[in-house]
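Below: structure.cif (mmCIF, C-alpha atoms and all ligand atoms)
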data_input
#
loop_
_atom_site.label_atom_id
_atom_site.label_comp_id
_atom_site.auth_asym_id
_atom_site.auth_seq_id
_atom_site.Cartn_x
_atom_site.Cartn_y
_atom_site.Cartn_z
CA MET T 815 14.74 20.00 19.30
CA ASP T 816 13.51 22.66 21.73
CA ALA T 817 11.00 25.48 21.27
CA LYS T 818 13.69 27.80 19.87
CA ASP T 819 14.71 25.20 17.27
CA TRP T 820 11.07 24.84 16.22
CA ASP T 821 10.69 28.63 16.03
CA GLU T 822 13.67 28.74 13.67
CA ARG T 823 12.36 25.88 11.59
CA TYR T 824 8.94 27.51 11.17
CA ALA T 825 10.46 30.95 10.50
CA ALA T 826 12.67 29.53 7.74
CA THR T 827 9.84 28.12 5.61
CA GLU T 828 6.46 29.36 4.50
CA LEU T 829 4.68 26.10 5.37
CA VAL T 830 6.62 23.22 6.92
CA TRP T 831 3.73 20.75 6.99
CA SER T 832 0.90 20.29 4.51
CA ALA T 833 -2.22 22.46 4.59
CA GLU T 834 -4.43 19.35 4.67
CA PRO T 835 -5.15 17.39 7.83
CA ASN T 836 -3.30 14.18 8.53
CA ARG T 837 -5.18 11.35 6.78
CA PHE T 838 -5.54 9.25 9.94
CA VAL T 839 -6.83 12.20 11.95
CA ALA T 840 -9.48 12.80 9.29
CA GLU T 841 -10.37 9.10 9.13
CA LEU T 842 -10.74 8.50 12.87
CA VAL T 843 -12.29 11.83 13.84
CA SER T 844 -14.86 12.04 11.02
CA PRO T 845 -17.28 9.54 12.66
CA LEU T 846 -17.25 11.46 15.98
CA THR T 847 -19.86 14.07 16.84
CA PRO T 848 -18.17 17.50 16.92
CA GLY T 849 -17.72 19.03 20.35
CA THR T 850 -14.72 20.56 22.08
CA ALA T 851 -11.21 19.50 21.10
CA ILE T 852 -7.64 20.30 22.02
CA ASP T 853 -4.85 19.73 19.51
CA ILE T 854 -1.63 19.46 21.55
CA ALA T 855 1.59 20.44 19.72
CA ALA T 856 -0.53 21.62 16.81
CA GLY T 857 2.31 23.25 14.85
CA GLU T 858 0.93 25.35 12.00
CA GLY T 859 -2.56 24.07 12.74
CA ARG T 860 -3.42 21.85 9.77
CA ASN T 861 -5.45 19.45 11.95
CA ALA T 862 -6.83 22.15 14.25
CA ILE T 863 -8.12 24.19 11.31
CA TRP T 864 -9.69 21.10 9.76
CA LEU T 865 -11.37 20.26 13.09
CA ALA T 866 -12.83 23.78 13.24
CA GLN T 867 -14.10 23.35 9.68
CA GLN T 868 -15.88 20.16 10.80
CA GLY T 869 -17.73 22.08 13.52
CA TRP T 870 -15.44 21.42 16.50
CA THR T 871 -14.63 24.19 18.96
CA VAL T 872 -10.86 23.89 19.09
CA THR T 873 -8.06 24.90 21.40
CA ALA T 874 -4.69 24.36 19.73
CA THR T 875 -1.40 24.62 21.60
CA ASP T 876 2.26 24.48 20.71
CA TYR T 877 5.40 25.63 22.50
CA SER T 878 6.68 27.35 19.35
CA ALA T 879 5.43 30.94 19.41
CA VAL T 880 6.26 31.24 15.70
CA GLY T 881 4.16 28.14 14.92
CA VAL T 882 1.25 29.47 16.99
CA GLU T 883 1.38 32.87 15.27
CA ARG T 884 1.30 31.18 11.88
CA MET T 885 -1.60 28.98 12.98
CA ARG T 886 -3.56 32.09 14.06
CA ALA T 887 -2.93 33.82 10.75
CA ARG T 888 -3.88 30.71 8.75
CA ALA T 889 -7.01 30.17 10.83
CA GLU T 890 -8.13 33.74 10.11
CA ALA T 891 -7.42 33.35 6.39
CA VAL T 892 -8.99 29.90 6.02
CA LEU T 893 -11.87 29.98 8.50
CA GLY T 894 -13.03 33.55 7.94
CA ALA T 895 -16.13 34.18 10.04
CA ASP T 896 -15.58 30.84 11.84
CA ALA T 897 -12.06 31.80 12.98
CA GLY T 898 -13.47 32.22 16.50
CA ARG T 899 -13.88 28.43 16.65
CA LEU T 900 -10.10 28.07 17.03
CA THR T 901 -8.11 29.43 19.97
CA ALA T 902 -4.35 29.11 19.43
CA LEU T 903 -2.12 29.28 22.51
CA VAL T 904 1.56 28.93 23.34
CA ALA T 905 1.79 26.05 25.83
CA ASP T 906 4.11 23.19 26.68
CA ALA T 907 2.66 19.68 26.32
CA THR T 908 4.44 18.55 29.47
CA VAL T 909 2.37 20.84 31.71
CA ALA T 910 -1.39 20.57 32.35
CA ALA T 911 -3.47 21.48 29.31
CA PRO T 912 -5.27 24.84 29.28
CA GLY T 913 -8.97 24.57 30.07
CA GLY T 914 -8.60 22.32 33.10
CA PRO T 915 -9.43 18.65 33.74
CA ALA T 916 -12.15 16.91 31.68
CA ALA T 917 -12.65 20.03 29.52
CA TYR T 918 -12.60 18.37 26.10
CA ASP T 919 -14.43 15.71 24.07
CA LEU T 920 -11.31 15.04 22.01
CA VAL T 921 -7.58 15.35 22.66
CA LEU T 922 -5.29 15.07 19.66
CA PHE T 923 -1.55 14.35 19.54
CA SER T 924 -0.30 14.41 15.95
CA TYR T 925 3.43 13.67 15.54
CA LEU T 926 4.50 14.91 18.97
CA GLN T 927 7.76 12.94 19.15
CA LEU T 928 9.15 13.32 22.67
CA PRO T 929 11.62 11.23 24.68
CA ARG T 930 10.03 8.66 27.04
CA ALA T 931 9.68 10.68 30.29
CA GLU T 932 8.28 13.80 28.59
CA TRP T 933 6.04 11.68 26.37
CA ARG T 934 4.45 9.98 29.40
CA LEU T 935 3.88 13.37 31.03
CA ALA T 936 2.24 14.72 27.87
CA LEU T 937 -0.01 11.66 27.58
CA ARG T 938 -1.03 11.89 31.23
CA ASN T 939 -1.91 15.57 30.74
CA GLY T 940 -3.87 14.71 27.60
CA VAL T 941 -5.89 12.01 29.36
CA GLU T 942 -6.59 14.38 32.25
CA ALA T 943 -7.92 16.97 29.78
CA VAL T 944 -10.55 14.68 28.22
CA ARG T 945 -13.98 14.07 29.74
CA PRO T 946 -15.12 10.52 30.58
CA GLY T 947 -16.44 9.00 27.34
CA GLY T 948 -14.28 11.34 25.23
CA HIS T 949 -11.39 10.30 23.00
CA VAL T 950 -7.62 10.72 22.84
CA LEU T 951 -6.17 10.20 19.37
CA ILE T 952 -2.43 9.66 19.03
CA VAL T 953 -0.61 9.59 15.69
CA VAL T 954 3.19 9.21 15.85
CA HIS T 955 6.04 8.08 13.67
CA ALA T 956 6.48 4.39 14.47
CA ALA T 957 9.74 2.84 15.67
CA ARG T 958 9.41 0.37 12.79
CA ASN T 959 9.63 3.35 10.44
CA LEU T 960 13.36 3.57 11.24
CA THR T 961 14.11 0.36 9.39
CA GLU T 962 11.05 -0.21 7.21
CA GLY T 963 9.63 3.22 6.39
CA TRP T 964 10.47 6.60 4.92
CA GLY T 965 11.34 9.90 6.64
CA GLY T 966 10.53 10.88 10.23
CA PRO T 967 12.92 11.37 13.15
CA SER T 968 16.07 9.22 13.20
CA SER T 969 16.27 8.96 17.01
CA ARG T 970 14.76 5.72 18.33
CA GLU T 971 14.15 7.47 21.64
CA VAL T 972 11.24 9.52 20.23
CA LEU T 973 9.60 6.82 18.10
CA TYR T 974 6.75 4.59 19.29
CA ASP T 975 5.28 1.36 18.04
CA PRO T 976 1.65 0.68 19.02
CA ASP T 977 2.53 -1.58 21.98
CA GLU T 978 4.79 1.15 23.37
CA VAL T 979 1.96 3.69 23.31
CA VAL T 980 -0.33 1.17 25.01
CA ASP T 981 2.37 0.54 27.65
CA ALA T 982 2.80 4.29 28.19
CA VAL T 983 -0.89 4.76 29.09
CA GLU T 984 -1.04 1.76 31.43
CA GLY T 985 -2.60 2.81 34.72
CA LEU T 986 -4.37 5.81 33.17
CA PRO T 987 -8.21 5.82 33.04
CA VAL T 988 -8.52 4.86 29.37
CA ALA T 989 -9.63 1.95 27.21
CA VAL T 990 -7.75 1.21 24.00
CA GLU T 991 -10.22 1.31 21.09
CA HIS T 992 -7.64 0.96 18.34
CA ALA T 993 -3.86 0.52 18.20
CA GLY T 994 -2.00 -0.32 15.02
CA ILE T 995 0.58 0.52 12.41
CA ARG T 996 -0.70 2.38 9.37
CA VAL T 997 1.02 2.99 6.06
CA ARG T 998 1.15 6.61 4.87
CA PRO T 999 2.05 7.09 1.19
CA VAL T 1000 4.52 9.96 0.67
CA GLU T 1001 5.49 11.68 -2.58
CA THR T 1002 9.25 12.35 -2.56
CA GLU T 1003 11.74 13.75 -5.09
CA ASP T 1004 12.74 10.13 -5.72
CA GLY T 1005 9.18 8.96 -6.31
CA PRO T 1006 6.50 7.47 -4.08
CA ARG T 1007 7.54 6.07 -0.69
CA GLU T 1008 5.73 4.69 2.37
CA ALA T 1009 5.99 5.93 5.94
CA LEU T 1010 4.88 3.84 8.92
CA ASP T 1011 2.80 5.58 11.57
CA THR T 1012 1.43 4.36 14.87
CA VAL T 1013 -2.24 5.24 15.31
CA VAL T 1014 -3.91 4.77 18.69
CA MET T 1015 -7.43 5.76 19.70
CA LEU T 1016 -8.19 5.80 23.44
CA ARG T 1017 -11.52 6.33 25.16
CA ARG T 1018 -11.53 7.93 28.59
CA VAL T 1019 -13.34 5.78 31.15
C1 LIG T 1101 6.21 17.31 13.77
S1 LIG T 1101 5.44 18.77 14.36
C2 LIG T 1101 3.73 18.31 14.26
C3 LIG T 1101 2.79 19.50 14.18
C4 LIG T 1101 1.32 19.15 14.05
N1 LIG T 1101 0.82 18.39 15.18
C5 LIG T 1101 1.03 18.44 12.76
O1 LIG T 1101 0.73 17.24 12.78
O2 LIG T 1101 1.11 19.11 11.71
C6 LIG T 1101 5.78 18.66 16.11
C7 LIG T 1101 5.33 19.89 16.87
O3 LIG T 1101 5.48 19.61 18.26
C8 LIG T 1101 5.82 20.81 18.91
N2 LIG T 1101 6.38 20.43 20.21
C9 LIG T 1101 7.47 19.65 20.45
N3 LIG T 1101 7.65 19.49 21.77
C10 LIG T 1101 6.64 20.19 22.38
C11 LIG T 1101 6.28 20.41 23.72
N4 LIG T 1101 6.99 19.88 24.75
N5 LIG T 1101 5.19 21.16 24.00
C12 LIG T 1101 4.48 21.71 22.97
N6 LIG T 1101 4.78 21.56 21.69
C13 LIG T 1101 5.84 20.79 21.38
C14 LIG T 1101 6.77 21.50 17.94
O4 LIG T 1101 6.90 22.87 18.18
C15 LIG T 1101 6.10 21.17 16.61
O5 LIG T 1101 5.23 22.20 16.21
#
Output the file's structure as structure tokens, nothing else.
Amino acid sequence: MDAKDWDERYAATELVWSAEPNRFVAELVSPLTPGTAIDIAAGEGRNAIWLAQQGWTVTATDYSAVGVERMRARAEAVLGADAGRLTALVADATVAAPGGPAAYDLVLFSYLQLPRAEWRLALRNGVEAVRPGGHVLIVVHAARNLTEGWGGPSSREVLYDPDEVVDAVEGLPVAVEHAGIRVRPVETEDGPREALDTVVMLRRV
């Protein structure tokens, strides 16, 4: 899918993703002291808005202008007087993040499913954007989800098991704090199902 496809997908539905943050984002970010964060490929902003509610000053980017416009509108509606804590921008994850190098305490990638070469570029940009000591949190549909889990993309090329994320950041200035598969319960029309996500927390060194 390209930016135009995502624009069409967002324009066709009131809310494509849930209003609540991803459960693993909430779990791994909650213990951190709020500071500055960038949510890369933030979509409609469920995680970015939650981060702002937790006291983070958030920049949220996506290459879908329709997604970014929706995120802005939702941030104003949900955050009210705190809406200024979230800056939503149209930007491609494969180019350097807005704000410049080492600008953020936290970089978040939540379900950015890109083919290998673009994925590595996006990760490199994300690591460059975080200050030494800061964190990069990556949540993606796992490759194992194809055969053992529910939903998610059907193209193996954009799916990553934990070892593949660790391989992709080899040579970058990060330490791996956590890398594993996590089960995400999903309510479907056919009853409860389980999706398999890869969750990786990196610390910039
Ligand atoms: C599955 S959605 C996830 C949205 C959000 N992170 C969340 O967890 O709700 C993937 C998002 O990635 C965005 N995206 C895909 N490729 C991108 C790229 N190269 N640069 C920026 N955004 C991209 C899409 O527009 C879409 O909003």
Exercise for the section: Just give me the gap between CA of Ala887 (chain T) and atom N2 of ligand LIG 1101 (chain T) in Å, one decimal is fine. Expected result: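 So the two atoms, CA of Ala887 (chain T) and atom N2 of ligand LIG 1101 (chain T), lie 18.9 Å apart.
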Problem - Nearest residue to ligand LIG 1101 (chain T) from the set T:Trp864, T:Trp870, T:Phe838, T:Tyr925 (distances using only C-alpha atoms and all ligand atoms) - result: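 Closest residue, counting only C-alpha atoms and all ligand atoms: T:Tyr925.
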Handout entry: CA of Leu900 (chain T) to CA of Leu928 (chain T), distance in Å rounded to a single decimal
Key =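 Answer for the CA of Leu900 (chain T) to CA of Leu928 (chain T) separation: 24.9 Å.
Distances from T:Asp853, T:Gln868, T:Ala874, T:Arg884 to Thr827 (chain T) were compared using only C-alpha atoms, and the smallest one belongs to T:Arg884.
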Handout entry: One-decimal distance in Å that lies between CA of Ala936 (chain T) and CA of Trp820 (chain T)
Key = 17.8 Å
Around ligand LIG 1101 (chain T), with edges along x, y and z and 8 Å added on all six sides, what centre and edge lengths do you get, in Å to one decimal, as JSON?
{"center_x": 4.2, "center_y": 20.1, "center_z": 18.2, "size_x": 22.9, "size_y": 21.6, "size_z": 29.0}
Practice task
List all protein, DNA and RNA residues that have any atom at most 7 Å from ligand LIG 1101 (chain T), counting all atoms listed in the file, and write the list as a PyMOL selection string.
Solution key: chain T and resi 816-817+820+831+836+854-861+875-878+881+905-908+923-928
Hey, which bits of region 930-986 of chain T sit within 9 Å of region 991-999 of chain T, and for each residue what's the closest pair of atoms and how far apart in Å (one decimal), counting only C-alpha atoms, rows by chain and increasing number, as CSV?
residue,atom,partner,partner_atom,distance
T:Ala956,CA,T:Ile995,CA,7.4
T:Arg958,CA,T:Ile995,CA,8.8
T:Gly963,CA,T:Val997,CA,8.6
T:Asp975,CA,T:Ile995,CA,7.4
T:Pro976,CA,T:Gly994,CA,5.5
T:Asp977,CA,T:Ala993,CA,7.7
T:Val979,CA,T:Ala993,CA,8.4
T:Val980,CA,T:Ala993,CA,7.7
Handout entry: Given only C-alpha atoms as the counted atoms, nearest of T:Ala917, T:Val990, T:Ala866, T:Ala931 to Ala943 (chain T)
Key = T:Ala917
Problem - Close residues, Leu846 (chain T) itself excluded, 10 Å, all atoms listed in the file, min 6 positions apart in chain, as a list of chain:residue names - result: T:Asp919, T:Leu920, T:Gly948, T:His949
Exercise for the section: Take the point (-4.2, 6.2, 20.7) in the file's coordinates, draw a sphere of radius 6 Å around it, and report as number ranges by chain every protein, DNA or RNA residue with an atom inside or on it, counting all atoms listed in the file. Expected result: T: 951-952, 1013-1016
Practice task
Show which residues sit within 8 Å of Pro946 (chain T), as number ranges by chain. Count only C-alpha atoms, and ignore same-chain residues fewer than 5 positions away.
Solution key: T: 916, 1017-1019
Handout entry: Nearest to Asn939 (chain T), chosen from T:Leu973, T:Ala911, T:Val839, T:Ala825, with only C-alpha atoms counted in the distances
Key =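 So, comparing all the options, the nearest one is T:Ala911.
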